[in-house]
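What follows is the content of query.txt, which has compact mmCIF, C-alpha atoms:
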```txt
# COMPACT_ATOMS: atom_id res chain seq x y z
CA MET A 1 0.00 0.00 0.00
CA GLU A 2 2.90 2.28 0.75
CA ASN A 3 4.20 1.71 -2.78
CA ILE A 4 0.95 2.90 -4.26
CA ALA A 5 0.94 5.99 -2.03
CA GLU A 6 4.54 6.66 -3.00
CA ILE A 7 3.69 6.34 -6.72
CA LEU A 8 0.64 8.57 -6.35
CA LYS A 9 2.75 11.15 -4.49
CA TYR A 10 4.82 11.62 -7.66
CA THR A 11 2.28 10.95 -10.39
CA ILE A 12 -0.53 13.24 -9.18
CA PRO A 13 1.66 16.39 -9.14
CA ALA A 14 3.14 15.32 -12.49
CA LEU A 15 -0.36 14.93 -13.95
CA ILE A 16 -1.36 18.33 -12.59
CA VAL A 17 1.73 19.93 -14.12
CA PHE A 18 1.09 18.10 -17.40
CA LEU A 19 -2.58 19.21 -17.54
CA THR A 20 -1.64 22.77 -16.65
CA ALA A 21 1.04 22.87 -19.36
CA TYR A 22 -1.35 21.27 -21.86
CA LEU A 23 -4.11 23.80 -21.16
CA LEU A 24 -1.71 26.75 -21.31
CA ILE A 25 -0.11 25.62 -24.54
CA SER A 26 -3.52 24.81 -26.04
CA LYS A 27 -4.84 28.26 -25.11
CA MET A 28 -1.71 29.92 -26.48
CA LEU A 29 -2.01 28.05 -29.80
CA ASN A 30 -5.69 29.01 -30.04
CA ASN A 31 -4.76 32.65 -29.49
CA PHE A 32 -2.07 32.43 -32.19
CA ASP A 33 -4.66 30.94 -34.57
CA LYS A 34 -7.12 33.73 -33.79
CA ILE A 35 -4.46 36.37 -34.36
CA ARG A 36 -3.40 34.73 -37.63
CA ASN A 37 -7.01 34.52 -38.83
CA ALA A 38 -7.60 38.17 -37.92
CA GLU A 39 -4.48 39.15 -39.85
CA LEU A 40 -5.65 37.16 -42.88
CA ILE A 41 -9.07 38.79 -42.72
CA MET A 42 -7.46 42.24 -42.51
CA GLU A 43 -5.22 41.47 -45.47
CA ASN A 44 -8.19 40.22 -47.50
CA GLN A 45 -10.14 43.34 -46.61
CA LYS A 46 -7.24 45.51 -47.80
CA ILE A 47 -7.20 43.65 -51.11
CA THR A 48 -10.98 43.80 -51.46
CA THR A 49 -11.05 47.48 -50.58
CA SER A 50 -8.40 48.16 -53.18
CA LEU A 51 -10.36 46.24 -55.82
CA LYS A 52 -13.57 48.07 -54.92
CA LEU A 53 -11.87 51.45 -55.16
CA GLN A 54 -10.41 50.50 -58.54
CA ALA A 55 -13.87 49.45 -59.71
CA TYR A 56 -15.35 52.79 -58.68
CA GLU A 57 -12.51 54.58 -60.47
CA ARG A 58 -13.01 52.54 -63.63
CA LEU A 59 -16.74 53.08 -63.60
CA VAL A 60 -16.38 56.84 -63.16
CA LEU A 61 -13.90 56.79 -66.03
CA LEU A 62 -16.41 54.79 -68.09
CA LEU A 63 -19.14 57.32 -67.37
CA GLU A 64 -16.83 60.22 -68.20
CA ARG A 65 -15.93 58.55 -71.49
CA LEU A 66 -19.64 58.00 -72.20
CA SER A 67 -20.61 61.59 -71.49
CA PRO A 68 -22.14 62.87 -74.74
CA ASP A 69 -19.70 65.73 -75.31
CA ALA A 70 -16.64 63.51 -74.75
CA LEU A 71 -18.18 60.74 -76.84
CA ILE A 72 -18.93 63.07 -79.76
CA MET A 73 -15.44 64.59 -79.66
CA ARG A 74 -13.84 61.16 -79.67
CA ILE A 75 -16.06 59.50 -82.29
CA SER A 76 -16.93 62.26 -84.73
CA LYS A 77 -14.81 62.49 -87.88
CA ASN A 78 -14.91 64.74 -90.90
CA ASN A 79 -17.19 63.67 -93.74
CA MET A 80 -19.33 61.41 -91.50
CA THR A 81 -23.03 61.33 -92.10
CA SER A 82 -25.54 61.61 -89.32
CA LYS A 83 -26.35 57.91 -89.67
CA GLN A 84 -22.67 56.93 -89.47
CA LEU A 85 -22.15 59.03 -86.35
CA HIS A 86 -25.32 57.63 -84.79
CA THR A 87 -24.17 54.07 -85.42
CA SER A 88 -20.64 54.81 -84.21
CA LEU A 89 -21.91 56.45 -81.01
CA LEU A 90 -24.16 53.52 -80.14
CA SER A 91 -21.41 51.05 -80.95
CA ALA A 92 -18.91 52.95 -78.77
CA ILE A 93 -21.37 53.05 -75.86
CA ARG A 94 -22.01 49.32 -76.03
CA SER A 95 -18.32 48.54 -76.44
CA GLU A 96 -17.25 50.72 -73.50
CA PHE A 97 -20.02 49.30 -71.33
CA ASP A 98 -19.26 45.68 -72.26
CA HIS A 99 -15.59 46.27 -71.53
CA ASN A 100 -16.46 47.20 -67.93
CA LEU A 101 -19.13 44.58 -67.17
CA SER A 102 -16.92 42.74 -64.71
CA GLN A 103 -16.77 45.76 -62.40
CA GLN A 104 -20.32 45.11 -61.25
CA ILE A 105 -19.13 42.45 -58.81
CA TYR A 106 -17.29 45.08 -56.77
CA ILE A 107 -20.13 47.59 -56.36
CA SER A 108 -23.66 47.47 -55.00
CA ALA A 109 -26.57 46.24 -57.11
CA LYS A 110 -28.15 49.70 -56.84
CA ALA A 111 -25.00 51.39 -58.16
CA TRP A 112 -24.84 48.98 -61.09
CA SER A 113 -28.51 49.64 -61.79
CA VAL A 114 -27.83 53.39 -61.85
CA ILE A 115 -24.95 52.88 -64.29
CA LYS A 116 -27.09 50.69 -66.56
CA GLY A 117 -29.83 53.32 -66.38
CA ALA A 118 -27.36 56.02 -67.38
CA LYS A 119 -26.30 53.95 -70.40
CA GLU A 120 -29.91 53.33 -71.43
CA ASN A 121 -30.87 56.99 -70.98
CA LEU A 122 -27.84 58.06 -72.99
CA ILE A 123 -28.85 55.72 -75.81
CA LYS A 124 -32.40 57.12 -75.69
CA LEU A 125 -31.06 60.67 -75.80
CA ILE A 126 -28.91 59.88 -78.84
CA ASN A 127 -31.74 57.99 -80.58
CA ASN A 128 -34.19 60.85 -79.94
CA ALA A 129 -31.72 63.35 -81.36
CA ALA A 130 -31.07 61.08 -84.36
CA GLU A 131 -34.80 61.00 -85.14
CA LYS A 132 -34.69 64.78 -85.65
CA VAL A 133 -31.84 64.67 -88.18
CA GLU A 134 -31.98 63.04 -91.61
CA PRO A 135 -29.56 60.10 -91.90
CA ASP A 136 -27.69 61.48 -94.92
CA LYS A 137 -27.04 64.92 -93.42
CA PRO A 138 -23.61 65.85 -92.01
CA SER A 139 -22.74 64.47 -88.60
CA VAL A 140 -22.38 68.02 -87.23
CA LEU A 141 -26.17 68.33 -87.27
CA LEU A 142 -26.57 65.21 -85.16
CA SER A 143 -23.88 66.43 -82.78
CA LYS A 144 -25.69 69.73 -82.44
CA ALA A 145 -29.04 67.96 -81.86
CA ILE A 146 -27.49 65.77 -79.14
CA ILE A 147 -25.94 68.77 -77.38
CA GLU A 148 -29.28 70.64 -77.58
CA ARG A 149 -31.08 67.64 -76.06
CA LEU A 150 -28.44 67.55 -73.36
CA MET A 151 -29.03 71.20 -72.52
CA GLU A 152 -32.78 70.58 -72.18
CA ILE A 153 -32.29 68.21 -69.27
CA ASP A 154 -31.17 69.09 -65.76
CA LYS A 155 -28.17 66.76 -65.57
CA PRO A 156 -26.74 64.36 -68.13
CA PRO A 157 -27.47 60.71 -67.28
CA THR A 158 -23.76 60.03 -66.91
CA GLN A 159 -23.38 62.84 -64.36
CA ILE A 160 -26.29 61.48 -62.32
CA ALA A 161 -24.55 58.10 -62.19
CA ILE A 162 -21.19 59.67 -61.30
CA ASP A 163 -22.81 61.61 -58.46
CA TYR A 164 -24.44 58.42 -57.17
CA LEU A 165 -21.13 56.53 -57.25
CA LYS A 166 -19.42 59.35 -55.35
CA GLU A 167 -22.14 59.29 -52.68
CA GLU A 168 -21.95 55.53 -52.34
CA LEU A 169 -18.17 55.64 -52.16
CA GLN A 170 -18.33 58.16 -49.29
CA VAL A 171 -20.45 55.69 -47.31
CA PHE A 172 -18.05 52.87 -48.21
CA ILE A 173 -14.98 54.77 -47.04
```

Spit out the file's structure as structure tokens when you get a sec.
Amino acid sequence: MENIAEILKYTIPALIVFLTAYLLISKMLNNFDKIRNAELIMENQKITTSLKLQAYERLVLLLERLSPDALIMRISKNNMTSKQLHTSLLSAIRSEFDHNLSQQIYISAKAWSVIKGAKENLIKLINNAAEKVEPDKPSVLLSKAIIERLMEIDKPPTQIAIDYLKEELQVFI
């Protein structure tokens, strides 16, 4: 019986030390894991934030490029007919928009809807102006009709979308 008591006298403190060390090391490893996970989340958020900001920048650039005055200056060439300019403007709008479709994953659904609405309203504006000008007339007449239509409205559709993106970005930041 004394042998058992003697064995227990050494093993019980050893077990207590072992359990204490195990619990401390386990807790320390859990804390290291939590810290590592938090660092990974922070790093991912930095990357995501950067991508979102780039998307907003690209979409504002898209809208600036689609603004009617910039679009006309870029597309219009000498000796173009009204029909050729009309077709070129619509083609440029669709091409620019299609080129930036992937940016929608980085912004809100509402913001993307506003951008799509701006594109559709811009196309309507150009189509309405094109209806007023005969297709075989010089492109200058269509350009003038588009600018006149633009002056009739409060804000160009592209500017409305840019303003919305700026507001949303302020909330994001």

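Residue neighbourhood of stretch 111-128 of chain A, excluding near-sequence residues (fewer than 3 positions): A:Leu90, A:Gln104, A:Ile107, A:Ser108, A:Glu131, A:Lys132, A:Ile146, A:Arg149, A:Pro157, A:Thr158, A:Ala161, A:Leu165, at 7 Å, using all atoms listed in the file.
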
field: Between atom CA of A:Pro135 and atom CA of A:His86 - distance in Å to one decimal
entry: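 If I compute the distance from atom CA of A:His86 to atom CA of A:Pro135, I get 8.6 Å.
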
message: If I take atom CA of A:Ile35 and atom CA of A:Ile47, how far is one from the other in Å, to one decimal?
response: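 Value for the atom CA of A:Ile35-atom CA of A:Ile47 distance: 18.5 Å.
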
task: List every protein, DNA or RNA residue that has an atom no more than 10 Å from (-16.7, 58.7, -81.0) in the file's coordinate frame, counting all atoms listed in the file, and report them as a list in words.
output: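 So the residues meeting the distance criterion are Arg65, Leu66, Pro68, Asp69, Ala70, Leu71, Ile72, Met73, Arg74, Ile75, Ser76, Lys77, Leu85, His86, Thr87, Ser88, Leu89, Leu90, Ser91, Ala92 and Ile93 of chain A.
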
Given only C-alpha atoms as the counted atoms, nearest of A:Val140, A:Ile105, A:Ala21, A:Val133 to A:Asn79: A:Val140

- prompt: Can you tell me how far atom CA of A:Lys27 sits from atom CA of A:Ala14, in Å to one decimal?
  reply: 19.8 Å

message: Counting only C-alpha atoms, which residue out of A:Glu168, A:Ile162, A:Ala145, A:Glu57 sits closest to A:Lys110?
response: A:Glu168

- prompt: Counting all atoms listed in the file, which of A:Ser67, A:Gln84, A:Gln159, A:Ser26 gets nearest to A:Leu142?
  reply: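 Smallest distance to A:Leu142 is found for A:Gln84.
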
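If all atoms listed in the file are the atoms counted, then among A:Ser82, A:Phe97, A:Leu24, A:Pro13 the closest residue to A:Glu64 is A:Phe97.
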
I'd like the contact shell of A:Thr49 - 12 Å cut-off, all atoms listed in the file, skipping same-chain residues fewer than 4 positions apart - returned as an mmCIF file with C-alpha atoms, in the coordinates of the input.
```cif
data_model
loop_
_atom_site.group_PDB
_atom_site.id
_atom_site.type_symbol
_atom_site.label_atom_id
_atom_site.label_comp_id
_atom_site.auth_asym_id
_atom_site.auth_seq_id
_atom_site.Cartn_x
_atom_site.Cartn_y
_atom_site.Cartn_z
ATOM 1 C CA ILE A 41 -9.070 38.790 -42.720
ATOM 2 C CA MET A 42 -7.460 42.240 -42.510
ATOM 3 C CA GLU A 43 -5.220 41.470 -45.470
ATOM 4 C CA ASN A 44 -8.190 40.220 -47.500
ATOM 5 C CA GLN A 45 -10.140 43.340 -46.610
ATOM 6 C CA LEU A 53 -11.870 51.450 -55.160
ATOM 7 C CA GLN A 54 -10.410 50.500 -58.540
ATOM 8 C CA ALA A 55 -13.870 49.450 -59.710
ATOM 9 C CA TYR A 56 -15.350 52.790 -58.680
ATOM 10 C CA TYR A 106 -17.290 45.080 -56.770
ATOM 11 C CA ILE A 107 -20.130 47.590 -56.360
ATOM 12 C CA LEU A 169 -18.170 55.640 -52.160
ATOM 13 C CA PHE A 172 -18.050 52.870 -48.210
ATOM 14 C CA ILE A 173 -14.980 54.770 -47.040
#
```

Could the centre and edge lengths of an axis-aligned box, enclosing all atoms of stretch 100-104 of chain A in the file with 3 Å extra on each side, be given in Å to one decimal as AutoDock Vina command-line options?
```
--center_x -18.4 --center_y 45.0 --center_z -64.6 --size_x 9.9 --size_y 10.5 --size_z 12.7
```

Please produce stretch 83-119 of chain A, completed to N, CA and C atoms, as a short mmCIF file (atom, residue, chain, number, x, y, z; two decimals), keeping the file's coordinate frame.
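Once everything was written out, this is out_14.cif:
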```
data_model
loop_
_atom_site.label_atom_id
_atom_site.label_comp_id
_atom_site.auth_asym_id
_atom_site.auth_seq_id
_atom_site.Cartn_x
_atom_site.Cartn_y
_atom_site.Cartn_z
N LYS A 83 -26.11 59.34 -89.92
CA LYS A 83 -26.35 57.91 -89.67
C LYS A 83 -25.07 57.21 -89.22
N GLN A 84 -23.94 57.54 -89.85
CA GLN A 84 -22.67 56.93 -89.47
C GLN A 84 -22.27 57.31 -88.04
N LEU A 85 -22.47 58.59 -87.70
CA LEU A 85 -22.15 59.03 -86.35
C LEU A 85 -23.07 58.35 -85.34
N HIS A 86 -24.34 58.28 -85.67
CA HIS A 86 -25.32 57.63 -84.79
C HIS A 86 -24.90 56.19 -84.51
N THR A 87 -24.59 55.47 -85.56
CA THR A 87 -24.17 54.07 -85.42
C THR A 87 -22.88 53.96 -84.63
N SER A 88 -21.93 54.84 -84.91
CA SER A 88 -20.64 54.81 -84.21
C SER A 88 -20.81 55.14 -82.73
N LEU A 89 -21.67 56.09 -82.41
CA LEU A 89 -21.91 56.45 -81.01
C LEU A 89 -22.51 55.28 -80.24
N LEU A 90 -23.53 54.66 -80.81
CA LEU A 90 -24.16 53.52 -80.14
C LEU A 90 -23.19 52.35 -79.99
N SER A 91 -22.39 52.13 -81.01
CA SER A 91 -21.41 51.05 -80.95
C SER A 91 -20.36 51.34 -79.87
N ALA A 92 -19.91 52.57 -79.78
CA ALA A 92 -18.91 52.95 -78.77
C ALA A 92 -19.49 52.79 -77.37
N ILE A 93 -20.74 53.18 -77.18
CA ILE A 93 -21.37 53.05 -75.86
C ILE A 93 -21.43 51.58 -75.45
N ARG A 94 -21.90 50.75 -76.35
CA ARG A 94 -22.01 49.32 -76.03
C ARG A 94 -20.63 48.70 -75.79
N SER A 95 -19.67 49.08 -76.59
CA SER A 95 -18.32 48.54 -76.44
C SER A 95 -17.70 48.95 -75.10
N GLU A 96 -17.79 50.23 -74.78
CA GLU A 96 -17.25 50.72 -73.50
C GLU A 96 -17.94 50.03 -72.33
N PHE A 97 -19.25 49.91 -72.41
CA PHE A 97 -20.02 49.30 -71.33
C PHE A 97 -19.65 47.83 -71.18
N ASP A 98 -19.60 47.11 -72.30
CA ASP A 98 -19.26 45.68 -72.26
C ASP A 98 -17.86 45.46 -71.71
N HIS A 99 -16.97 46.38 -72.00
CA HIS A 99 -15.59 46.27 -71.53
C HIS A 99 -15.50 46.36 -70.00
N ASN A 100 -16.49 46.98 -69.38
CA ASN A 100 -16.46 47.20 -67.93
C ASN A 100 -17.52 46.38 -67.17
N LEU A 101 -18.10 45.40 -67.81
CA LEU A 101 -19.13 44.58 -67.17
C LEU A 101 -18.66 43.90 -65.89
N SER A 102 -17.42 43.49 -65.87
CA SER A 102 -16.92 42.74 -64.71
C SER A 102 -16.84 43.58 -63.44
N GLN A 103 -16.87 44.89 -63.58
CA GLN A 103 -16.77 45.76 -62.40
C GLN A 103 -17.99 45.68 -61.50
N GLN A 104 -19.09 45.16 -62.03
CA GLN A 104 -20.32 45.11 -61.25
C GLN A 104 -20.20 44.23 -60.00
N ILE A 105 -19.25 43.31 -59.99
CA ILE A 105 -19.13 42.45 -58.81
C ILE A 105 -18.53 43.18 -57.61
N TYR A 106 -17.94 44.34 -57.85
CA TYR A 106 -17.29 45.08 -56.77
C TYR A 106 -18.14 46.21 -56.20
N ILE A 107 -19.29 46.48 -56.82
CA ILE A 107 -20.13 47.59 -56.36
C ILE A 107 -21.51 47.05 -56.00
N SER A 108 -22.33 47.90 -55.41
CA SER A 108 -23.66 47.47 -55.00
C SER A 108 -24.56 47.26 -56.22
N ALA A 109 -25.60 46.48 -56.03
CA ALA A 109 -26.57 46.24 -57.11
C ALA A 109 -27.25 47.54 -57.52
N LYS A 110 -27.52 48.41 -56.56
CA LYS A 110 -28.15 49.70 -56.84
C LYS A 110 -27.23 50.56 -57.70
N ALA A 111 -25.95 50.60 -57.38
CA ALA A 111 -25.00 51.39 -58.16
C ALA A 111 -24.91 50.86 -59.59
N TRP A 112 -24.90 49.56 -59.74
CA TRP A 112 -24.84 48.98 -61.09
C TRP A 112 -26.12 49.31 -61.85
N SER A 113 -27.23 49.29 -61.17
CA SER A 113 -28.51 49.64 -61.79
C SER A 113 -28.49 51.09 -62.26
N VAL A 114 -27.93 51.97 -61.47
CA VAL A 114 -27.83 53.39 -61.85
C VAL A 114 -26.94 53.55 -63.08
N ILE A 115 -25.85 52.80 -63.14
CA ILE A 115 -24.95 52.88 -64.29
C ILE A 115 -25.64 52.35 -65.55
N LYS A 116 -26.34 51.23 -65.42
CA LYS A 116 -27.09 50.69 -66.56
C LYS A 116 -28.16 51.69 -67.01
N GLY A 117 -28.83 52.31 -66.05
CA GLY A 117 -29.83 53.32 -66.38
C GLY A 117 -29.23 54.50 -67.12
N ALA A 118 -28.04 54.91 -66.71
CA ALA A 118 -27.36 56.02 -67.38
C ALA A 118 -27.05 55.64 -68.83
N LYS A 119 -26.60 54.41 -69.03
CA LYS A 119 -26.30 53.95 -70.40
C LYS A 119 -27.58 53.94 -71.25
#
```
